[in-house]
Structures are given as structure tokens and as C-alpha cells.
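Trainee: Hey, dropping work.txt in here, compact mmCIF, C-alpha atoms:
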# COMPACT_ATOMS: atom_id res chain seq x y z
CA MET A 1 -0.94 1.97 -3.72
CA ASN A 2 2.77 2.79 -3.76
CA ARG A 3 1.99 6.32 -4.85
CA LEU A 4 -0.62 6.71 -2.10
CA GLY A 5 1.82 5.39 0.50
CA PHE A 6 4.46 7.82 -0.72
CA LEU A 7 2.11 10.83 -0.65
CA VAL A 8 0.70 10.03 2.80
CA GLY A 9 4.28 9.53 4.02
CA ILE A 10 5.36 12.93 2.69
CA ALA A 11 2.46 14.69 4.39
CA PHE A 12 2.91 12.74 7.63
CA GLY A 13 6.63 13.52 7.79
CA PHE A 14 5.97 17.18 7.02
CA VAL A 15 3.37 17.57 9.78
CA ILE A 16 5.45 15.71 12.40
CA ALA A 17 8.43 17.96 11.76
CA ALA A 18 6.26 21.09 11.55
CA ALA A 19 4.66 20.32 14.91
CA GLY A 20 8.07 19.89 16.57
CA LEU A 21 7.39 16.24 17.45
CA HIS A 22 10.92 15.35 16.36
CA GLU A 23 12.54 17.27 19.20
CA TYR A 24 13.70 15.50 22.33
CA ASP A 25 12.45 18.28 24.58
CA THR A 26 8.93 18.27 23.11
CA ILE A 27 8.51 14.58 23.96
CA HIS A 28 10.40 14.82 27.26
CA ASP A 29 8.19 17.72 28.42
CA MET A 30 5.11 15.80 27.30
CA LEU A 31 6.11 12.74 29.32
CA LEU A 32 6.96 14.93 32.33
CA LEU A 33 3.40 16.30 32.01
CA ARG A 34 4.79 19.81 31.63
CA ASP A 35 3.31 20.44 28.21
CA ILE A 36 -0.02 19.26 26.80
CA HIS A 37 0.83 20.13 23.17
CA VAL A 38 1.46 16.50 22.13
CA TYR A 39 -1.56 15.18 24.02
CA LEU A 40 -3.74 17.71 22.22
CA ILE A 41 -2.29 16.61 18.88
CA LEU A 42 -2.92 12.95 19.65
CA ALA A 43 -6.42 13.56 21.03
CA SER A 44 -7.50 15.81 18.16
CA GLY A 45 -5.97 13.40 15.62
CA VAL A 46 -7.86 10.44 17.05
CA GLY A 47 -10.94 12.61 17.53
CA THR A 48 -10.89 13.53 13.85
CA ALA A 49 -10.16 10.07 12.50
CA MET A 50 -12.37 7.93 14.74
CA PRO A 51 -15.82 9.19 13.64
CA LEU A 52 -14.77 9.29 9.97
CA LEU A 53 -13.40 5.73 10.06
CA TRP A 54 -16.52 4.60 11.89
CA LEU A 55 -18.66 6.13 9.13
CA LEU A 56 -16.57 4.51 6.37
CA GLN A 57 -16.86 1.17 8.12
CA ARG A 58 -20.62 1.51 8.67
CA ARG A 59 -21.19 2.31 5.02
CA ARG A 60 -18.92 -0.57 3.95
CA VAL A 61 -17.13 1.78 1.60
CA LYS A 62 -15.39 0.22 -1.38
CA THR A 63 -11.93 1.76 -1.53
CA PRO A 64 -10.44 2.45 -4.97
CA LEU A 65 -7.23 0.54 -4.24
CA GLY A 66 -7.91 -2.01 -1.53
CA GLY A 67 -11.42 -3.50 -1.66
CA THR A 68 -14.12 -3.07 0.98
CA ILE A 69 -12.87 -1.20 4.01
CA GLU A 70 -11.88 -3.31 6.98
CA LEU A 71 -10.50 -1.56 10.05
CA TYR A 72 -7.72 -3.06 12.14
CA ASN A 73 -9.35 -4.75 15.10
CA GLY A 74 -6.80 -6.46 17.34
CA LYS A 75 -7.85 -8.63 20.27
CA VAL A 76 -6.19 -7.78 23.55
CA GLU A 77 -3.25 -10.05 24.29
CA ARG A 78 -0.45 -10.06 26.82
CA LYS A 79 1.98 -8.98 24.14
CA ASN A 80 0.20 -5.62 23.87
CA VAL A 81 0.95 -4.96 27.54
CA PHE A 82 4.52 -6.25 27.69
CA GLY A 83 5.51 -4.98 24.27
CA GLY A 84 3.99 -1.62 25.19
CA MET A 85 6.01 -1.47 28.41
CA THR A 86 9.23 -2.23 26.53
CA PHE A 87 8.41 0.35 23.88
CA GLY A 88 7.47 2.92 26.52
CA THR A 89 10.82 2.48 28.29
CA GLY A 90 12.74 3.12 25.08
CA TRP A 91 10.47 6.05 24.26
CA ALA A 92 11.23 7.67 27.62
CA VAL A 93 14.98 7.13 27.24
CA ALA A 94 15.34 8.38 23.66
CA GLY A 95 12.57 11.00 23.78
CA THR A 96 11.52 10.11 20.28
CA CYS A 97 9.73 7.32 18.43
CA PRO A 98 9.97 5.72 14.97
CA ALA A 99 8.53 8.52 12.78
CA PRO A 100 9.93 11.51 14.70
CA ALA A 101 13.38 9.88 14.71
CA ILE A 102 13.37 10.10 10.92
CA ALA A 103 12.30 13.75 11.06
CA MET A 104 15.05 14.40 13.59
CA ALA A 105 17.66 12.96 11.24
CA THR A 106 16.45 14.92 8.20
CA GLY A 107 16.35 18.05 10.37
CA GLY A 108 20.09 17.78 10.92
CA GLY A 109 20.07 15.85 14.20
CA PHE A 110 22.80 13.41 13.35
CA LEU A 111 22.44 11.44 16.60
CA ALA A 112 18.99 10.26 15.51
CA VAL A 113 20.86 7.87 13.24
CA PHE A 114 21.82 5.85 16.33
CA VAL A 115 18.18 5.68 17.46
CA ILE A 116 17.15 4.50 13.99
CA ALA A 117 19.91 1.89 13.97
CA GLY A 118 18.75 0.71 17.40
CA LEU A 119 15.15 0.52 16.15
CA GLY A 120 16.21 -1.66 13.26
CA VAL A 121 18.17 -3.99 15.51
CA GLY A 122 15.32 -4.18 18.05
CA LEU A 123 12.67 -4.95 15.43
CA TRP A 124 14.92 -7.60 13.92
CA LEU A 125 15.83 -9.06 17.30
CA ARG A 126 12.20 -9.56 18.24
CA ASP A 127 11.60 -11.52 15.05
CA ALA A 128 14.82 -13.48 15.50
CA VAL A 129 13.69 -14.53 18.97
CA THR A 130 10.11 -15.44 18.14
CA GLY A 131 9.68 -15.90 14.44
CA GLY A 132 7.55 -12.77 14.49
CA ASP A 133 4.41 -14.17 15.98
CA GLY A 134 4.01 -13.47 19.66
CA ILE A 135 5.32 -14.61 23.01
CA LYS A 136 4.27 -18.25 22.71
CA ASN A 137 6.80 -18.81 19.97
CA ILE A 138 9.71 -18.34 22.34
CA THR A 139 9.24 -21.94 23.38
CA LYS A 140 9.34 -23.04 19.75
CA LEU A 141 12.80 -21.50 19.45
CA PHE A 142 14.22 -24.45 21.31
CA LYS A 143 12.51 -26.95 19.06
CA ARG A 144 13.40 -25.62 15.64
CA ALA A 145 15.32 -22.88 13.89
CA PRO A 146 13.73 -19.40 13.84
CA LEU A 147 11.47 -18.56 10.93
CA GLN A 148 12.53 -15.98 8.42
CA PRO A 149 12.00 -12.53 9.93
CA GLY A 150 9.91 -9.75 8.47
CA THR A 151 7.10 -11.74 6.93
CA VAL A 152 4.37 -10.80 9.38
CA SER A 153 3.17 -7.24 9.65
CA GLU A 154 0.22 -6.47 11.81
CA THR A 155 -0.06 -2.73 11.79
CA MET B 1 11.16 31.39 5.55
CA ASP B 2 9.10 32.82 8.35
CA PHE B 3 5.61 31.78 7.37
CA LEU B 4 5.93 28.59 9.40
CA PRO B 5 5.57 29.01 13.15
CA ASP B 6 8.09 27.25 15.39
CA ARG B 7 5.48 24.70 16.23
CA LEU B 8 2.44 24.11 14.09
CA PRO B 9 -0.56 24.58 16.45
CA TRP B 10 -2.04 21.33 17.73
CA PHE B 11 -5.47 22.05 16.19
CA ILE B 12 -3.87 21.94 12.75
CA ALA B 13 -1.27 19.22 13.32
CA GLY B 14 -3.58 16.76 15.09
CA PRO B 15 -6.53 16.81 12.69
CA SER B 16 -4.13 16.71 9.69
CA MET B 17 -2.57 13.53 11.02
CA GLY B 18 -6.05 12.13 11.69
CA LEU B 19 -7.12 12.91 8.13
CA LEU B 20 -4.03 11.14 6.77
CA VAL B 21 -5.03 8.01 8.68
CA VAL B 22 -8.53 8.30 7.19
CA ALA B 23 -7.19 8.94 3.67
CA LEU B 24 -5.03 5.83 3.74
CA TYR B 25 -8.03 3.75 4.82
CA ALA B 26 -10.56 5.42 2.50
CA LEU B 27 -8.39 5.13 -0.61
CA GLY B 28 -6.31 2.04 0.03
CA ASN B 29 -7.85 0.16 2.98
CA LYS B 30 -4.49 0.28 4.75
CA HIS B 31 -3.51 0.96 8.35
CA LEU B 32 -1.02 3.73 8.95
CA GLY B 33 1.93 2.57 11.07
CA VAL B 34 5.57 3.53 11.03
CA SER B 35 7.33 0.64 12.76
CA GLY B 36 5.70 -1.71 10.24
CA GLY B 37 7.31 0.47 7.57
CA TYR B 38 10.75 -0.02 9.14
CA VAL B 39 10.21 -3.78 9.04
CA GLN B 40 9.23 -3.66 5.39
CA VAL B 41 12.27 -1.54 4.50
CA MET B 42 14.50 -4.15 6.15
CA THR B 43 12.66 -6.93 4.35
CA TRP B 44 13.02 -5.06 1.07
CA VAL B 45 16.78 -4.71 1.55
CA ARG B 46 17.21 -8.45 1.95
CA ARG B 47 14.40 -9.89 -0.17
CA PRO B 48 12.89 -7.20 -2.42
CA LYS B 49 10.06 -9.44 -3.62
CA MET B 50 8.77 -10.20 -0.13
CA ALA B 51 8.30 -6.58 0.93
CA GLU B 52 5.00 -4.69 1.13
CA MET B 53 6.18 -2.00 -1.25
CA TRP B 54 3.71 0.70 -0.29
CA ARG B 55 5.15 0.70 3.25
CA VAL B 56 8.65 1.15 1.83
CA TRP B 57 7.33 4.11 -0.18
CA PHE B 58 5.62 5.43 2.94
CA ILE B 59 8.99 5.55 4.75
CA ALA B 60 10.57 7.20 1.70
CA GLY B 61 7.78 9.78 1.90
CA LEU B 62 8.43 10.38 5.60
CA ILE B 63 12.07 11.10 4.81
CA LEU B 64 11.19 13.44 1.95
CA GLY B 65 8.35 15.26 3.74
CA SER B 66 10.34 15.98 6.89
CA LEU B 67 13.34 16.99 4.76
CA VAL B 68 11.20 19.49 2.81
CA LEU B 69 9.98 21.02 6.07
CA SER B 70 13.55 21.28 7.33
CA LEU B 71 14.62 22.99 4.10
CA LEU B 72 11.66 25.40 4.26
CA ARG B 73 12.87 26.38 7.71
CA GLY B 74 16.17 27.35 6.15
CA GLY B 75 17.91 23.99 6.23
CA GLN B 76 19.19 23.23 9.70
CA SER B 77 22.88 22.55 9.85
CA ILE B 78 23.95 19.05 10.79
CA GLY B 79 24.86 18.88 14.44
CA LEU B 80 25.24 16.65 17.47
CA GLU B 81 22.47 18.38 19.43
CA TYR B 82 19.98 16.22 21.28
CA GLY B 83 18.06 18.77 23.33
CA THR B 84 18.50 18.69 27.09
CA LEU B 85 19.83 15.14 26.90
CA SER B 86 22.97 16.20 25.00
CA ARG B 87 23.65 18.90 27.59
CA PHE B 88 23.46 16.31 30.34
CA LEU B 89 25.29 13.32 28.85
CA PRO B 90 28.70 13.43 27.15
CA LEU B 91 28.70 12.14 23.58
CA GLY B 92 30.43 8.90 24.50
CA ALA B 93 27.56 7.98 26.82
CA LEU B 94 24.79 9.53 24.74
CA ILE B 95 25.39 7.38 21.66
CA PRO B 96 25.03 4.00 23.41
CA VAL B 97 22.05 5.31 25.42
CA LEU B 98 20.26 6.38 22.23
CA PHE B 99 21.06 3.11 20.49
CA PHE B 100 19.78 1.16 23.49
CA GLY B 101 16.62 3.28 23.67
CA GLY B 102 16.02 2.65 19.97
CA MET B 103 16.54 -1.06 20.47
CA LEU B 104 13.99 -1.20 23.29
CA MET B 105 11.50 0.69 21.12
CA GLY B 106 12.05 -1.60 18.16
CA PHE B 107 11.78 -4.76 20.23
CA GLY B 108 8.72 -3.48 22.07
CA ALA B 109 6.96 -2.19 18.96
CA ARG B 110 7.36 -5.55 17.22
CA TRP B 111 6.20 -7.32 20.36
CA ALA B 112 3.17 -5.10 20.90
CA GLY B 113 2.27 -5.15 17.19
CA GLY B 114 2.73 -1.42 16.65
CA CYS B 115 4.09 1.84 17.97
CA THR B 116 2.87 5.35 18.72
CA SER B 117 1.47 5.68 15.19
CA GLY B 118 0.10 2.19 14.49
CA HIS B 119 -1.46 1.71 17.92
CA GLY B 120 -1.50 5.18 19.49
CA LEU B 121 -2.93 7.10 16.55
CA SER B 122 -4.47 4.89 13.88
CA GLY B 123 -5.19 1.87 16.13
CA THR B 124 -7.20 3.81 18.68
CA ALA B 125 -8.96 5.68 15.86
CA SER B 126 -9.94 2.27 14.46
CA ARG B 127 -11.36 1.40 17.91
CA SER B 128 -9.10 -1.63 18.16
CA PRO B 129 -9.07 -2.99 21.75
CA ALA B 130 -5.44 -4.16 21.43
CA SER B 131 -4.42 -0.63 20.48
CA PHE B 132 -6.09 0.97 23.52
CA VAL B 133 -4.30 -1.51 25.79
CA ALA B 134 -0.93 -1.04 24.05
CA THR B 135 -1.29 2.75 24.13
CA ILE B 136 -2.15 2.84 27.83
CA SER B 137 0.76 0.48 28.46
CA PHE B 138 3.45 2.42 26.57
CA LEU B 139 2.21 5.86 27.57
CA GLY B 140 1.92 4.91 31.24
CA THR B 141 5.33 3.27 31.24
CA ALA B 142 6.97 6.17 29.41
CA ILE B 143 5.55 8.70 31.88
CA ALA B 144 6.68 6.60 34.86
CA ILE B 145 10.20 6.06 33.46
CA THR B 146 10.54 9.74 32.52
CA PHE B 147 9.64 10.78 36.07
CA ALA B 148 12.12 8.21 37.40
CA ILE B 149 14.83 9.71 35.16
CA HIS B 150 13.80 13.19 36.27
CA PHE B 151 14.19 12.43 39.97
CA ALA B 152 17.26 10.22 39.54
CA THR B 153 19.06 13.12 37.85
CA GLY B 154 17.98 15.60 40.52
CA GLY B 155 15.61 17.34 38.12
CA GLN B 156 18.29 18.04 35.52
CA LEU B 157 16.47 15.96 32.93
Go through the file and emit its structure as C-alpha cells.
Mentor:
Amino acid sequence: MNRLGFLVGIAFGFVIAAAGLHEYDTIHDMLLLRDIHVYLILASGVGTAMPLLWLLQRRRVKTPLGGTIELYNGKVERKNVFGGMTFGTGWAVAGTCPAPAIAMATGGGFLAVFVIAGLGVGLWLRDAVTGGDGIKNITKLFKRAPLQPGTVSET
Amino acid sequence: MDFLPDRLPWFIAGPSMGLLVVALYALGNKHLGVSGGYVQVMTWVRRPKMAEMWRVWFIAGLILGSLVLSLLRGGQSIGLEYGTLSRFLPLGALIPVLFFGGMLMGFGARWAGGCTSGHGLSGTASRSPASFVATISFLGTAIAITFAIHFATGGQL
């Protein structure tokens, strides 16, 4: 599994950098609706993966490394909306997101290091505030010490 | 080398990324997401035994893969460029702005349960309702905020 993760990571990083997704102006122009390049990438990526994943799921494929296939299927919660709005604000400000920020740094964009540092602090802060399990846990913060961060990973 | 165009065309980049999502599911029954990888790297640093190691390797791969591409393009020199943003903001303001933007993204991604990759790409491809909602939320917000920045700066950004 580690080897698979490594290989998929290599290919993913390569494609993101090759497509120019690590450049501020690519994302800024996308979000200003000046350039449909990124939307076409996202749409064709989802369009490729969705039917194939559906087929794998329908056939209940046994994967070599992880048992019978089970697709992520999250129920809609408020956190998806509010977390999304917070993420979207940061995305608009920095003009990059978690994977492209890495590609920006390896492409010589030193300032991406500050985005990555901010990402780390933000991810940690969310866990520190809630114990890593959604908005309802904020109230628990006042009752007991925060849980150890980084134990829950949804996606 | 010149065999790589400035920007890989979308009809190659998009489907390749889609196929990587499928490969990770078909071979390992795992969901591709980058912010989850960040979390696991941080977990690994503090408590190596608690980390989901394949996600740590995934991030290592991202670093290597994007570095290889950069080297194939002739190895960009290290600089303090940040596109239009670095022409608009002086360095002293740019650094805190970027850190703050990163922080919002990190906080929001953890809150929403994923980012542009985990929800936007692989979550929607998995037909997860939460991912459609999160994607609409962050994309809509990002477009609105970007337009606000655009008009607030008199069209300079």
C-alpha cells in the first residue's frame, strides 16, 4: 500500500505541475472566470473517474490491497458548507490549494513554503479546537481537554 | 527540454488525474485526498506509529513527482515570485497574507472533511453527497471572494 501511495503521489504531483495548476495566475484566472482550463480538467477528471468507480462498485471488485471496494459516501452535514466556505476563502486569497502548493514549492516558488506552513497550522488548529470530529465538539471543549489531534481522517 | 508544453492540455491532465483516483480505489480501496495526507505527515512526525503510512508516502510522491517535472523543464531557479500577487503586494505583506490564506484552507479543509482533491475530485467522482455540497460551497465562495478582491483592488488583481 505504501508503494502504491508513493507511485500515485508521484504521478499526481507530476500532472498537477505539468498542467500549470501550481501557478497563482492559473487559479486566479479560473476563479475570475477568465479561463476554463481548470474547470475542464476537473470536469474531465471527474467524468473519467465517476463511471469507472461506479462500475467497480457495482461489480463489488476485490482490490488486491484493500478488500472489497467501498467508495467514500459522506452524508451532507453543516460542516461541509461552513468548512467549504472557510477553505474557499483561503483558496481565493492564496490562489493555490494543498497539492499545488507543494508543486509550487518544488518548482522554485519559495513563498509556497508559507502557504504550506499555514495549511499545517490550520489543519492542526481545527483539531485542537474540536478534537477532530465536527462542529458539535466545540461545546465539549469546555467540558474536557481536547483529544489528541490527527487520529481521524475522513478523506 | 522542450517536449513538454507550457501547460499540459486539459484533455490529458484531467483524465490522468481521474485515472489516478480510480487506480488508488481499484488497487488499494483508498480515497485520494491531499489534505488528509498533510494531517498524516504531521501525525507521523509526532507519533510515527499512529500515522496512516501510505498517505505519508503519497505526500512524498507528490513532492518527488512535481520536482521531477520541474527538473524536466530545466529546473526553475528559486525565487520570490508569486504571479500577479507578488507584483501587487510587497514581500512584507505577501508573506503574512499567504500564511493566513494557508491557515484558512487548512482549517476549512479539516472542517469540511476534505479539500479540492478529496472532495472536489475524488469525492464527487465517488458520488458522495457531502463532497458535492463541499465542492459547491468552496468553489462558490472562492469565486465570490476572488471577484471581491478583483473589484476592491480596482481590477489590479
Trainee: Can you tell me how far atom CA of A:Gly47 sits from atom CA of B:Thr124, in Å to one decimal?
Mentor: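 Atom CA of B:Thr124 lies 9.6 Å from atom CA of A:Gly47.
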Trainee: Which residues are near stretch 79-95 of chain A? Cut-off 8 Å, all atoms listed in the file, ignore same chain within fewer than 6 positions. Put them as an NGL selection string.
Mentor: (:A and (23-25 or 27-28 or 31 or 115 or 134-135)) or (:B and (97-98 or 100-113 or 115 or 130-131 or 133-135 or 137-143 or 145-146))
Trainee: Which is closest to A:Leu53 among A:Trp124, A:His37, A:Glu70, A:Arg3, if we use all atoms listed in the file?
Mentor: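 Among the listed residues, the smallest separation from A:Leu53 belongs to A:Glu70.
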Trainee: I'd like the interatomic distance between atom CA of A:Thr26 and atom CA of B:Ala23, to a tenth of an Å.
Mentor: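 Atom-to-atom, atom CA of A:Thr26 to atom CA of B:Ala23, that is 26.9 Å.
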Trainee: Using only C-alpha atoms for the distances, tell me which of B:Ala152, B:Ile12, B:Leu27, B:Val45 is nearest to chain A.
Mentor: B:Leu27
Trainee: Neighbouring residues of B:Gly155 were defined as those with any atom within 12 Å, considering only C-alpha atoms; residues of the same chain fewer than 4 positions away were excluded. Please report them as an MDAnalysis selection string.
Mentor: (chainID A and resid 32) or (chainID B and resid 84 88 146:151)
Trainee: So how many Å separate atom CA of B:Val22 and atom CA of A:Asp29, to one decimal?
Mentor: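 It comes out at 28.6 Å.
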Trainee: Show which residues sit within 9 Å of A:Ala11, as a PyMOL selection string. Count all atoms listed in the file, and ignore same-chain residues fewer than 3 positions away.
Mentor: (chain A and resi 6-8+14-16) or (chain B and resi 16-17+20+61-62+65-66)
Trainee: Given the choices A:Arg78, A:Ala101, A:Leu40, A:Leu71, which gets closest to A:Leu52 if the distance is worked out from only C-alpha atoms?
Mentor: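 The closest residue to A:Leu52 is A:Leu71.
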Trainee: Name all residues at most 12 Å from B:Leu24 (count all atoms listed in the file; drop same-chain ones fewer than 6 positions away) and give them as a PDB file with C-alpha atoms, keeping the file's coordinate frame.
Mentor:
ATOM      1  CA  MET A   1      -0.940   1.970  -3.720  1.00  0.00           C
ATOM      2  CA  ASN A   2       2.770   2.790  -3.760  1.00  0.00           C
ATOM      3  CA  ARG A   3       1.990   6.320  -4.850  1.00  0.00           C
ATOM      4  CA  LEU A   4      -0.620   6.710  -2.100  1.00  0.00           C
ATOM      5  CA  GLY A   5       1.820   5.390   0.500  1.00  0.00           C
ATOM      6  CA  PHE A   6       4.460   7.820  -0.720  1.00  0.00           C
ATOM      7  CA  LEU A   7       2.110  10.830  -0.650  1.00  0.00           C
ATOM      8  CA  VAL A   8       0.700  10.030   2.800  1.00  0.00           C
ATOM      9  CA  GLY A   9       4.280   9.530   4.020  1.00  0.00           C
ATOM     10  CA  ALA A  11       2.460  14.690   4.390  1.00  0.00           C
ATOM     11  CA  PHE A  12       2.910  12.740   7.630  1.00  0.00           C
ATOM     12  CA  ALA A  49     -10.160  10.070  12.500  1.00  0.00           C
ATOM     13  CA  LEU A  53     -13.400   5.730  10.060  1.00  0.00           C
ATOM     14  CA  LEU A  56     -16.570   4.510   6.370  1.00  0.00           C
ATOM     15  CA  THR A  63     -11.930   1.760  -1.530  1.00  0.00           C
ATOM     16  CA  PRO A  64     -10.440   2.450  -4.970  1.00  0.00           C
ATOM     17  CA  LEU A  65      -7.230   0.540  -4.240  1.00  0.00           C
ATOM     18  CA  GLY A  66      -7.910  -2.010  -1.530  1.00  0.00           C
ATOM     19  CA  ILE A  69     -12.870  -1.200   4.010  1.00  0.00           C
ATOM     20  CA  GLU A  70     -11.880  -3.310   6.980  1.00  0.00           C
ATOM     21  CA  LEU A  71     -10.500  -1.560  10.050  1.00  0.00           C
TER      22      LEU A  71
ATOM     23  CA  MET B  17      -2.570  13.530  11.020  1.00  0.00           C
ATOM     24  CA  GLY B  18      -6.050  12.130  11.690  1.00  0.00           C
ATOM     25  CA  LYS B  30      -4.490   0.280   4.750  1.00  0.00           C
ATOM     26  CA  HIS B  31      -3.510   0.960   8.350  1.00  0.00           C
ATOM     27  CA  LEU B  32      -1.020   3.730   8.950  1.00  0.00           C
ATOM     28  CA  GLY B  33       1.930   2.570  11.070  1.00  0.00           C
ATOM     29  CA  TRP B  54       3.710   0.700  -0.290  1.00  0.00           C
ATOM     30  CA  ARG B  55       5.150   0.700   3.250  1.00  0.00           C
ATOM     31  CA  PHE B  58       5.620   5.430   2.940  1.00  0.00           C
ATOM     32  CA  SER B 122      -4.470   4.890  13.880  1.00  0.00           C
TER      33      SER B 122
END
Trainee: Point out the residue among B:Leu8, B:Leu71, B:Ile136, B:Val41 with the least atom-to-atom distance to chain A, counting only C-alpha atoms.
Mentor: B:Leu8
Trainee: Considering only C-alpha atoms, state which residue in the set B:Leu72, B:Leu157, B:Ala125, B:Leu85 is at the smallest distance from chain A.
Mentor: B:Ala125
Trainee: Which residue out of A:Ala112, A:Met104, A:Gly45, A:Cys97 has the minimum interatomic distance to chain B when only C-alpha atoms are used?
Mentor: A:Gly45
